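Data from target-v3.cif: mmCIF, C-alpha atoms and all ligand atoms
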data_target
loop_
_atom_site.group_PDB
_atom_site.id
_atom_site.type_symbol
_atom_site.label_atom_id
_atom_site.label_comp_id
_atom_site.auth_asym_id
_atom_site.auth_seq_id
_atom_site.Cartn_x
_atom_site.Cartn_y
_atom_site.Cartn_z
ATOM 1 C CA MET A 6 -3.289 -17.094 8.009
ATOM 2 C CA LYS A 7 -3.120 -13.427 7.076
ATOM 3 C CA LEU A 8 -0.264 -11.625 8.749
ATOM 4 C CA VAL A 9 1.431 -8.238 8.703
ATOM 5 C CA PHE A 10 5.119 -7.869 9.569
ATOM 6 C CA LEU A 11 5.484 -4.344 10.913
ATOM 7 C CA GLY A 12 8.667 -2.531 11.826
ATOM 8 C CA PRO A 13 11.346 -0.139 10.621
ATOM 9 C CA PRO A 14 13.495 -0.775 7.565
ATOM 10 C CA GLY A 15 16.262 -3.181 8.536
ATOM 11 C CA ALA A 16 14.168 -4.934 11.179
ATOM 12 C CA GLY A 17 14.525 -8.222 9.306
ATOM 13 C CA LYS A 18 10.901 -8.413 8.182
ATOM 14 C CA GLY A 19 11.744 -9.568 4.661
ATOM 15 C CA THR A 20 14.249 -12.206 5.762
ATOM 16 C CA GLN A 21 11.868 -13.614 8.383
ATOM 17 C CA ALA A 22 8.872 -13.419 6.035
ATOM 18 C CA GLU A 23 10.674 -15.676 3.555
ATOM 19 C CA GLU A 24 11.343 -18.318 6.207
ATOM 20 C CA THR A 25 7.904 -18.087 7.780
ATOM 21 C CA CYS A 26 6.214 -18.335 4.381
ATOM 22 C CA LYS A 27 8.131 -21.553 3.677
ATOM 23 C CA SER A 28 7.222 -23.075 7.049
ATOM 24 C CA PHE A 29 3.521 -22.185 6.923
ATOM 25 C CA SER A 30 2.858 -22.261 3.143
ATOM 26 C CA LEU A 31 2.048 -18.574 2.929
ATOM 27 C CA THR A 32 2.768 -16.062 0.169
ATOM 28 C CA HIS A 33 5.258 -13.277 0.827
ATOM 29 C CA ILE A 34 3.975 -9.890 -0.339
ATOM 30 C CA SER A 35 6.612 -7.164 -0.190
ATOM 31 C CA THR A 36 5.371 -3.838 -1.569
ATOM 32 C CA GLY A 37 9.011 -2.730 -1.792
ATOM 33 C CA ASP A 38 9.782 -5.712 -4.085
ATOM 34 C CA ILE A 39 6.678 -5.009 -6.185
ATOM 35 C CA LEU A 40 7.763 -1.381 -6.576
ATOM 36 C CA ARG A 41 11.395 -2.270 -7.382
ATOM 37 C CA LYS A 42 10.135 -4.599 -10.118
ATOM 38 C CA ALA A 43 7.880 -1.844 -11.493
ATOM 39 C CA VAL A 44 10.884 0.505 -11.549
ATOM 40 C CA ALA A 45 13.065 -2.110 -13.295
ATOM 41 C CA ASP A 46 10.299 -2.776 -15.856
ATOM 42 C CA GLY A 47 9.952 0.956 -16.507
ATOM 43 C CA SER A 48 6.147 0.824 -16.058
ATOM 44 C CA ASP A 49 4.115 3.997 -15.414
ATOM 45 C CA VAL A 50 3.805 3.084 -11.736
ATOM 46 C CA GLY A 51 7.537 2.423 -11.583
ATOM 47 C CA LEU A 52 8.401 5.770 -13.136
ATOM 48 C CA GLU A 53 6.127 7.551 -10.668
ATOM 49 C CA ALA A 54 7.361 5.576 -7.630
ATOM 50 C CA LYS A 55 11.070 5.879 -8.427
ATOM 51 C CA LYS A 56 11.473 9.496 -7.346
ATOM 52 C CA TYR A 57 9.936 8.829 -3.924
ATOM 53 C CA MET A 58 11.930 5.655 -3.362
ATOM 54 C CA GLU A 59 15.248 7.250 -4.234
ATOM 55 C CA GLU A 60 14.602 10.014 -1.714
ATOM 56 C CA GLY A 61 13.590 7.567 1.021
ATOM 57 C CA ASP A 62 10.036 8.943 0.989
ATOM 58 C CA LEU A 63 6.851 6.934 0.944
ATOM 59 C CA VAL A 64 5.139 6.341 -2.365
ATOM 60 C CA PRO A 65 1.663 7.956 -2.222
ATOM 61 C CA ASP A 66 -1.131 5.885 -0.661
ATOM 62 C CA SER A 67 -3.190 6.232 -3.852
ATOM 63 C CA ILE A 68 -0.581 4.173 -5.748
ATOM 64 C CA ILE A 69 0.353 1.605 -3.160
ATOM 65 C CA VAL A 70 -3.122 0.653 -1.943
ATOM 66 C CA GLY A 71 -4.164 -0.504 -5.425
ATOM 67 C CA LEU A 72 -0.915 -2.424 -5.963
ATOM 68 C CA ALA A 73 -1.293 -4.295 -2.672
ATOM 69 C CA ALA A 74 -4.987 -5.052 -3.284
ATOM 70 C CA ASP A 75 -4.232 -6.440 -6.752
ATOM 71 C CA ARG A 76 -1.479 -8.672 -5.376
ATOM 72 C CA MET A 77 -3.642 -9.975 -2.524
ATOM 73 C CA SER A 78 -6.371 -10.953 -4.974
ATOM 74 C CA GLU A 79 -4.062 -13.340 -6.873
ATOM 75 C CA ASP A 80 -4.646 -17.087 -6.555
ATOM 76 C CA ASP A 81 -1.469 -17.825 -4.588
ATOM 77 C CA CYS A 82 -2.726 -15.602 -1.750
ATOM 78 C CA ALA A 83 -5.937 -17.577 -1.153
ATOM 79 C CA GLU A 84 -4.357 -19.732 1.567
ATOM 80 C CA GLY A 85 -2.825 -16.765 3.357
ATOM 81 C CA PHE A 86 0.011 -14.295 3.133
ATOM 82 C CA ILE A 87 2.498 -12.142 4.963
ATOM 83 C CA LEU A 88 2.418 -8.451 4.160
ATOM 84 C CA ASP A 89 5.928 -7.051 4.496
ATOM 85 C CA GLY A 90 6.243 -3.256 4.267
ATOM 86 C CA PHE A 91 2.506 -2.702 3.923
ATOM 87 C CA PRO A 92 0.605 -0.975 5.442
ATOM 88 C CA ARG A 93 2.882 1.958 6.298
ATOM 89 C CA THR A 94 0.274 4.656 7.018
ATOM 90 C CA ILE A 95 -3.071 4.766 8.798
ATOM 91 C CA VAL A 96 -4.779 5.386 5.440
ATOM 92 C CA GLN A 97 -3.197 2.185 4.088
ATOM 93 C CA ALA A 98 -4.201 0.234 7.216
ATOM 94 C CA GLN A 99 -7.805 1.399 6.883
ATOM 95 C CA ALA A 100 -7.839 0.527 3.174
ATOM 96 C CA LEU A 101 -6.474 -2.924 4.033
ATOM 97 C CA ASP A 102 -9.170 -3.493 6.683
ATOM 98 C CA GLU A 103 -11.814 -2.518 4.172
ATOM 99 C CA GLU A 104 -10.362 -4.686 1.418
ATOM 100 C CA LEU A 105 -10.288 -7.738 3.698
ATOM 101 C CA GLN A 106 -13.751 -7.045 5.098
ATOM 102 C CA ASN A 107 -15.168 -6.891 1.577
ATOM 103 C CA SER A 108 -13.829 -10.373 0.936
ATOM 104 C CA GLY A 109 -15.237 -11.645 4.247
ATOM 105 C CA SER A 110 -11.832 -11.916 5.845
ATOM 106 C CA ARG A 111 -9.551 -10.126 8.326
ATOM 107 C CA LEU A 112 -5.975 -10.013 9.589
ATOM 108 C CA ASP A 113 -5.042 -12.747 12.044
ATOM 109 C CA LEU A 114 -1.984 -11.114 13.537
ATOM 110 C CA VAL A 115 0.348 -8.137 13.173
ATOM 111 C CA ILE A 116 3.881 -8.831 14.349
ATOM 112 C CA TYR A 117 5.849 -5.754 15.329
ATOM 113 C CA PHE A 118 9.651 -6.095 15.077
ATOM 114 C CA GLU A 119 10.986 -3.649 17.659
ATOM 115 C CA THR A 120 14.522 -2.790 16.498
ATOM 116 C CA SER A 121 17.192 -0.381 17.736
ATOM 117 C CA GLU A 122 18.656 2.255 15.489
ATOM 118 C CA ASP A 123 22.272 1.037 15.563
ATOM 119 C CA VAL A 124 21.163 -2.451 14.502
ATOM 120 C CA ILE A 125 19.107 -0.944 11.653
ATOM 121 C CA ILE A 126 22.088 1.076 10.399
ATOM 122 C CA ARG A 127 24.483 -1.893 10.633
ATOM 123 C CA ARG A 128 22.109 -4.213 8.791
ATOM 124 C CA LEU A 129 21.133 -1.800 6.034
ATOM 125 C CA THR A 130 24.548 -0.345 5.224
ATOM 126 C CA GLY A 131 25.870 -3.924 4.822
ATOM 127 C CA ARG A 132 22.812 -5.300 3.027
ATOM 128 C CA ARG A 133 23.170 -6.597 -0.517
ATOM 129 C CA ILE A 134 20.386 -7.936 -2.745
ATOM 130 C CA CYS A 135 20.174 -10.254 -5.731
ATOM 131 C CA ARG A 136 19.005 -8.254 -8.723
ATOM 132 C CA LYS A 137 17.245 -11.296 -10.172
ATOM 133 C CA CYS A 138 15.507 -13.133 -7.304
ATOM 134 C CA GLY A 139 15.654 -10.540 -4.499
ATOM 135 C CA ALA A 140 17.552 -12.827 -2.076
ATOM 136 C CA ASN A 141 19.137 -10.935 0.821
ATOM 137 C CA TYR A 142 22.826 -10.966 1.765
ATOM 138 C CA HIS A 143 25.020 -9.025 4.188
ATOM 139 C CA ILE A 144 28.673 -8.134 3.683
ATOM 140 C CA GLU A 145 29.600 -9.484 7.149
ATOM 141 C CA THR A 146 26.919 -11.823 8.404
ATOM 142 C CA MET A 147 25.455 -13.430 5.280
ATOM 143 C CA LYS A 148 28.027 -13.549 2.492
ATOM 144 C CA PRO A 149 27.283 -15.404 -0.757
ATOM 145 C CA ARG A 150 29.559 -18.381 -1.543
ATOM 146 C CA VAL A 151 31.043 -16.483 -4.518
ATOM 147 C CA GLU A 152 31.429 -12.737 -4.114
ATOM 148 C CA GLY A 153 28.852 -10.766 -6.106
ATOM 149 C CA VAL A 154 26.946 -13.880 -7.230
ATOM 150 C CA CYS A 155 23.633 -15.087 -5.761
ATOM 151 C CA ASP A 156 23.832 -18.585 -4.216
ATOM 152 C CA ARG A 157 20.244 -19.268 -5.138
ATOM 153 C CA CYS A 158 19.956 -18.185 -8.777
ATOM 154 C CA GLY A 159 23.387 -16.983 -9.939
ATOM 155 C CA GLY A 160 22.075 -13.413 -10.324
ATOM 156 C CA GLU A 161 24.134 -10.296 -9.717
ATOM 157 C CA ILE A 162 24.287 -9.013 -6.142
ATOM 158 C CA TYR A 163 24.015 -5.250 -5.686
ATOM 159 C CA GLN A 164 23.478 -2.565 -3.078
ATOM 160 C CA ARG A 165 20.078 -0.875 -3.194
ATOM 161 C CA SER A 166 20.482 2.842 -3.919
ATOM 162 C CA ASP A 167 18.318 3.633 -0.880
ATOM 163 C CA ASP A 168 20.634 1.578 1.390
ATOM 164 C CA LYS A 169 23.177 4.429 1.534
ATOM 165 C CA LEU A 170 23.612 6.008 4.964
ATOM 166 C CA GLY A 171 21.893 9.349 4.214
ATOM 167 C CA THR A 172 18.822 7.686 2.699
ATOM 168 C CA ILE A 173 18.686 5.082 5.470
ATOM 169 C CA LYS A 174 18.471 7.852 8.073
ATOM 170 C CA LYS A 175 15.724 9.520 6.077
ATOM 171 C CA ARG A 176 13.780 6.239 5.780
ATOM 172 C CA VAL A 177 14.006 5.668 9.534
ATOM 173 C CA LYS A 178 12.747 9.224 10.153
ATOM 174 C CA VAL A 179 9.860 8.683 7.718
ATOM 175 C CA TYR A 180 9.095 5.387 9.440
ATOM 176 C CA HIS A 181 8.756 7.113 12.827
ATOM 177 C CA GLU A 182 6.631 9.898 11.367
ATOM 178 C CA GLU A 183 4.284 7.767 9.278
ATOM 179 C CA THR A 184 4.323 4.177 10.460
ATOM 180 C CA ASP A 185 4.897 4.204 14.249
ATOM 181 C CA SER A 186 1.239 5.073 14.768
ATOM 182 C CA LEU A 187 0.232 1.675 13.354
ATOM 183 C CA ILE A 188 1.575 -0.027 16.475
ATOM 184 C CA GLU A 189 -1.186 1.630 18.506
ATOM 185 C CA TYR A 190 -3.723 1.127 15.706
ATOM 186 C CA TYR A 191 -3.257 -2.653 15.839
ATOM 187 C CA ARG A 192 -2.761 -2.813 19.608
ATOM 188 C CA GLU A 193 -6.208 -1.253 20.044
ATOM 189 C CA ARG A 194 -7.627 -3.947 17.762
ATOM 190 C CA ASP A 195 -5.969 -6.589 19.925
ATOM 191 C CA ILE A 196 -4.062 -8.258 17.092
ATOM 192 C CA LEU A 197 -0.545 -6.969 17.857
ATOM 193 C CA ALA A 198 2.310 -9.236 18.923
ATOM 194 C CA GLU A 199 5.828 -7.902 19.547
ATOM 195 C CA VAL A 200 9.188 -9.531 18.877
ATOM 196 C CA ASP A 201 12.765 -8.373 19.349
ATOM 197 C CA GLY A 202 14.036 -7.302 15.912
ATOM 198 C CA ASP A 203 17.585 -7.000 17.309
ATOM 199 C CA GLU A 204 17.777 -10.775 17.773
ATOM 200 C CA ALA A 205 19.882 -12.837 15.380
ATOM 201 C CA VAL A 206 18.015 -14.101 12.307
ATOM 202 C CA SER A 207 18.081 -17.775 13.336
ATOM 203 C CA GLU A 208 16.933 -17.084 16.911
ATOM 204 C CA LEU A 209 14.085 -14.839 15.844
ATOM 205 C CA ALA A 210 12.986 -17.437 13.283
ATOM 206 C CA VAL A 211 12.533 -19.934 16.126
ATOM 207 C CA VAL A 212 10.496 -17.412 18.146
ATOM 208 C CA LEU A 213 8.213 -16.724 15.178
ATOM 209 C CA GLU A 214 7.792 -20.403 14.392
ATOM 210 C CA GLY A 215 6.737 -21.047 18.006
ATOM 211 C CA MET A 216 4.385 -18.070 18.036
ATOM 212 C CA LEU A 217 2.626 -19.031 14.818
ATOM 213 C CA SER A 218 2.481 -22.793 15.221
ATOM 214 C CA VAL A 219 0.090 -22.474 18.184
ATOM 215 C CA ARG A 220 -2.383 -20.454 16.118
HETATM 216 P P1 LIG B 301 11.097 -1.509 1.443
HETATM 217 O O1 LIG B 301 11.698 -2.485 0.488
HETATM 218 O O2 LIG B 301 9.898 -2.047 2.173
HETATM 219 O O3 LIG B 301 12.117 -0.902 2.360
HETATM 220 O O4 LIG B 301 10.524 -0.322 0.538
HETATM 221 C C1 LIG B 301 11.388 0.456 -0.275
HETATM 222 C C2 LIG B 301 10.695 1.755 -0.635
HETATM 223 O O5 LIG B 301 9.511 1.496 -1.372
HETATM 224 C C3 LIG B 301 10.241 2.606 0.558
HETATM 225 O O6 LIG B 301 11.274 3.416 1.068
HETATM 226 C C4 LIG B 301 9.120 3.419 -0.080
HETATM 227 O O7 LIG B 301 9.634 4.450 -0.896
HETATM 228 C C5 LIG B 301 8.472 2.403 -1.014
HETATM 229 N N1 LIG B 301 7.395 1.640 -0.341
HETATM 230 C C6 LIG B 301 7.362 0.306 -0.094
HETATM 231 N N2 LIG B 301 6.219 -0.029 0.520
HETATM 232 C C7 LIG B 301 5.503 1.111 0.668
HETATM 233 C C8 LIG B 301 4.257 1.434 1.261
HETATM 234 N N3 LIG B 301 3.497 0.476 1.845
HETATM 235 N N4 LIG B 301 3.859 2.724 1.230
HETATM 236 C C9 LIG B 301 4.593 3.681 0.643
HETATM 237 N N5 LIG B 301 5.794 3.459 0.095
HETATM 238 C C10 LIG B 301 6.254 2.189 0.096
#
What does this structure look like when you write it as structure tokens?
Amino acid sequence: MKLVFLGPPGAGKGTQAEETCKSFSLTHISTGDILRKAVADGSDVGLEAKKYMEEGDLVPDSIIVGLAADRMSEDDCAEGFILDGFPRTIVQAQALDEELQNSGSRLDLVIYFETSEDVIIRRLTGRRICRKCGANYHIETMKPRVEGVCDRCGGEIYQRSDDKLGTIKKRVKVYHEETDSLIEYYRERDILAEVDGDEAVSELAVVLEGMLSVR
């Protein structure tokens, strides 16, 4: 199964993608995670991407399309994947269609997480991440057992620099300007399904499991 999780930052795409990948043996591809690793490694791509990410802007299509294509061509993606945070522009969506077509494949489903702005702000301002394994926490709803320490790998938990209120608002604005149009793009292709991104993590996980297990 080849899926896209589409929706604004803070919709819960990453959290749900992790669960869904476990249940259906898929690979989670988060372009945000790939970019954060490139930044941490200090690679050329990372150095270029950093300035856009810190401002809450999108990294140029010319960079991200190649990164996503390379990741999708790795062995662990052969059985299927969930794209989380990609595509984010029409140009990226068209490049993805082309990439899949060239390998004789196509997307099975795009799941749009419709999410209200106050939920986005609450989730993102309280979000904390493990620096080592990328696990997600929240200062109110998903605390680690020991403060500041990842339950899963013992790594340090930190707040992403783009999860500050000003940058969050900018990212949401950029999302509406650049990514909203993908809802229509995929609806026209008849592969769009919608879920309620405001729902609690555990409830939405059940909805997704039900939706995907009949496919
Ligand atoms: P995310 O973790 O998905 O919220 O992504 C964090 C940041 O990485 C975004 O605010 C963008 O700067 C950049 N980014 C991630 N995915 C993409 C993409 N598909 N296109 C452009 N920029 C991206």
Tell me which protein, DNA and RNA residues are within 8 Å of Glu119 of chain A, counting only C-alpha atoms, leaving out same-chain ones fewer than 6 positions away, and put them as a PyMOL selection string. chain A and resi 12-13+16+199-203
Show me which residues sit within 7 Å of ligand LIG 301 (chain B) when counting all atoms listed in the file, and put them as a list in words. Pro14, Ser35, Thr36, Gly37, Asp38, Leu40, Tyr57, Met58, Gly61, Asp62, Leu63, Val64, Pro65, Asp66, Ile69, Asp89, Gly90, Phe91, Pro92, Arg93 and Arg176 of chain A
How would you write as JSON, numbers by chain the residues that get within 10 Å of (20.2, -1.9, 11.1) in the file's frame, counting only C-alpha atoms? {"A": [13, 14, 15, 16, 17, 120, 121, 122, 123, 124, 125, 126, 127, 128, 129, 130, 131, 132, 173, 177, 202, 203]}
Just want the 9 Å neighbourhood of Thr32 of chain A, counted on all atoms listed in the file, with same-chain residues fewer than 4 positions away dropped. Output as a PyMOL selection string. chain A and resi 22-23+26-27+81-88
Give as a ChimeraX atom specification the residues that the PyMOL selection byres (((chain A and resi 105) around 12) and not hetatm) matches when applied to the coordinates above. /A:7-8,73-74,77-78,83,85,98-104,106-113
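This file, filtered with the PyMOL selection byres (((chain A and resi 29) around 9) and not hetatm), gives the residues Met6, Glu24, Thr25, Cys26, Lys27, Ser28, Ser30, Leu31, Glu214, Leu217 and Ser218 of chain A.
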Dump as a PDB file, in the frame of the given file, selection limited to C-alpha atoms:
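New file again.pdb:
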ATOM      1  CA  MET A   6      -3.289 -17.094   8.009  1.00  0.00           C
ATOM      2  CA  GLU A  24      11.343 -18.318   6.207  1.00  0.00           C
ATOM      3  CA  THR A  25       7.904 -18.087   7.780  1.00  0.00           C
ATOM      4  CA  CYS A  26       6.214 -18.335   4.381  1.00  0.00           C
ATOM      5  CA  LYS A  27       8.131 -21.553   3.677  1.00  0.00           C
ATOM      6  CA  SER A  28       7.222 -23.075   7.049  1.00  0.00           C
ATOM      7  CA  SER A  30       2.858 -22.261   3.143  1.00  0.00           C
ATOM      8  CA  LEU A  31       2.048 -18.574   2.929  1.00  0.00           C
ATOM      9  CA  GLU A 214       7.792 -20.403  14.392  1.00  0.00           C
ATOM     10  CA  LEU A 217       2.626 -19.031  14.818  1.00  0.00           C
ATOM     11  CA  SER A 218       2.481 -22.793  15.221  1.00  0.00           C
TER      12      SER A 218
END
Please compute the atom CA of Ser67 of chain A-atom CA of Lys42 of chain A distance, one decimal, in Å. 18.3 Å
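Shortest atom-to-atom contact with Gly71 of chain A among A:Tyr180, A:Ile39, A:Asp46, A:Val9: A:Ile39, counting all atoms listed in the file.
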Can you tell me, as a ChimeraX atom specification, what residues are no more than 6 Å from segment 161-171 of chain A when counting all atoms listed in the file, ignoring any on the same chain fewer than 6 positions away? /A:59,129-130,133-136,153-154
Centre and size of axis-aligned box enclosing segment 43-47 of chain A plus 3 Å each side, as lines of an AutoDock Vina configuration file:
center_x = 10.5
center_y = -0.9
center_z = -14.0
size_x = 11.2
size_y = 9.7
size_z = 11.0
Could you jot down the atom CA of Glu204 of chain A to atom CA of Thr94 of chain A separation for me, Å, one decimal place?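 According to the coordinates, atom CA of Glu204 of chain A and atom CA of Thr94 of chain A are separated by 25.7 Å.
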Run through the PyMOL selection byres (((chain A and resi 186-196) around 6) and not hetatm) on the given coordinates and return the selected residues as a VMD selection string. chain A and resid 114 to 115 184 to 185 197
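Between atom CA of Phe118 of chain A and atom CA of Leu11 of chain A the interatomic distance comes to 6.1 Å.
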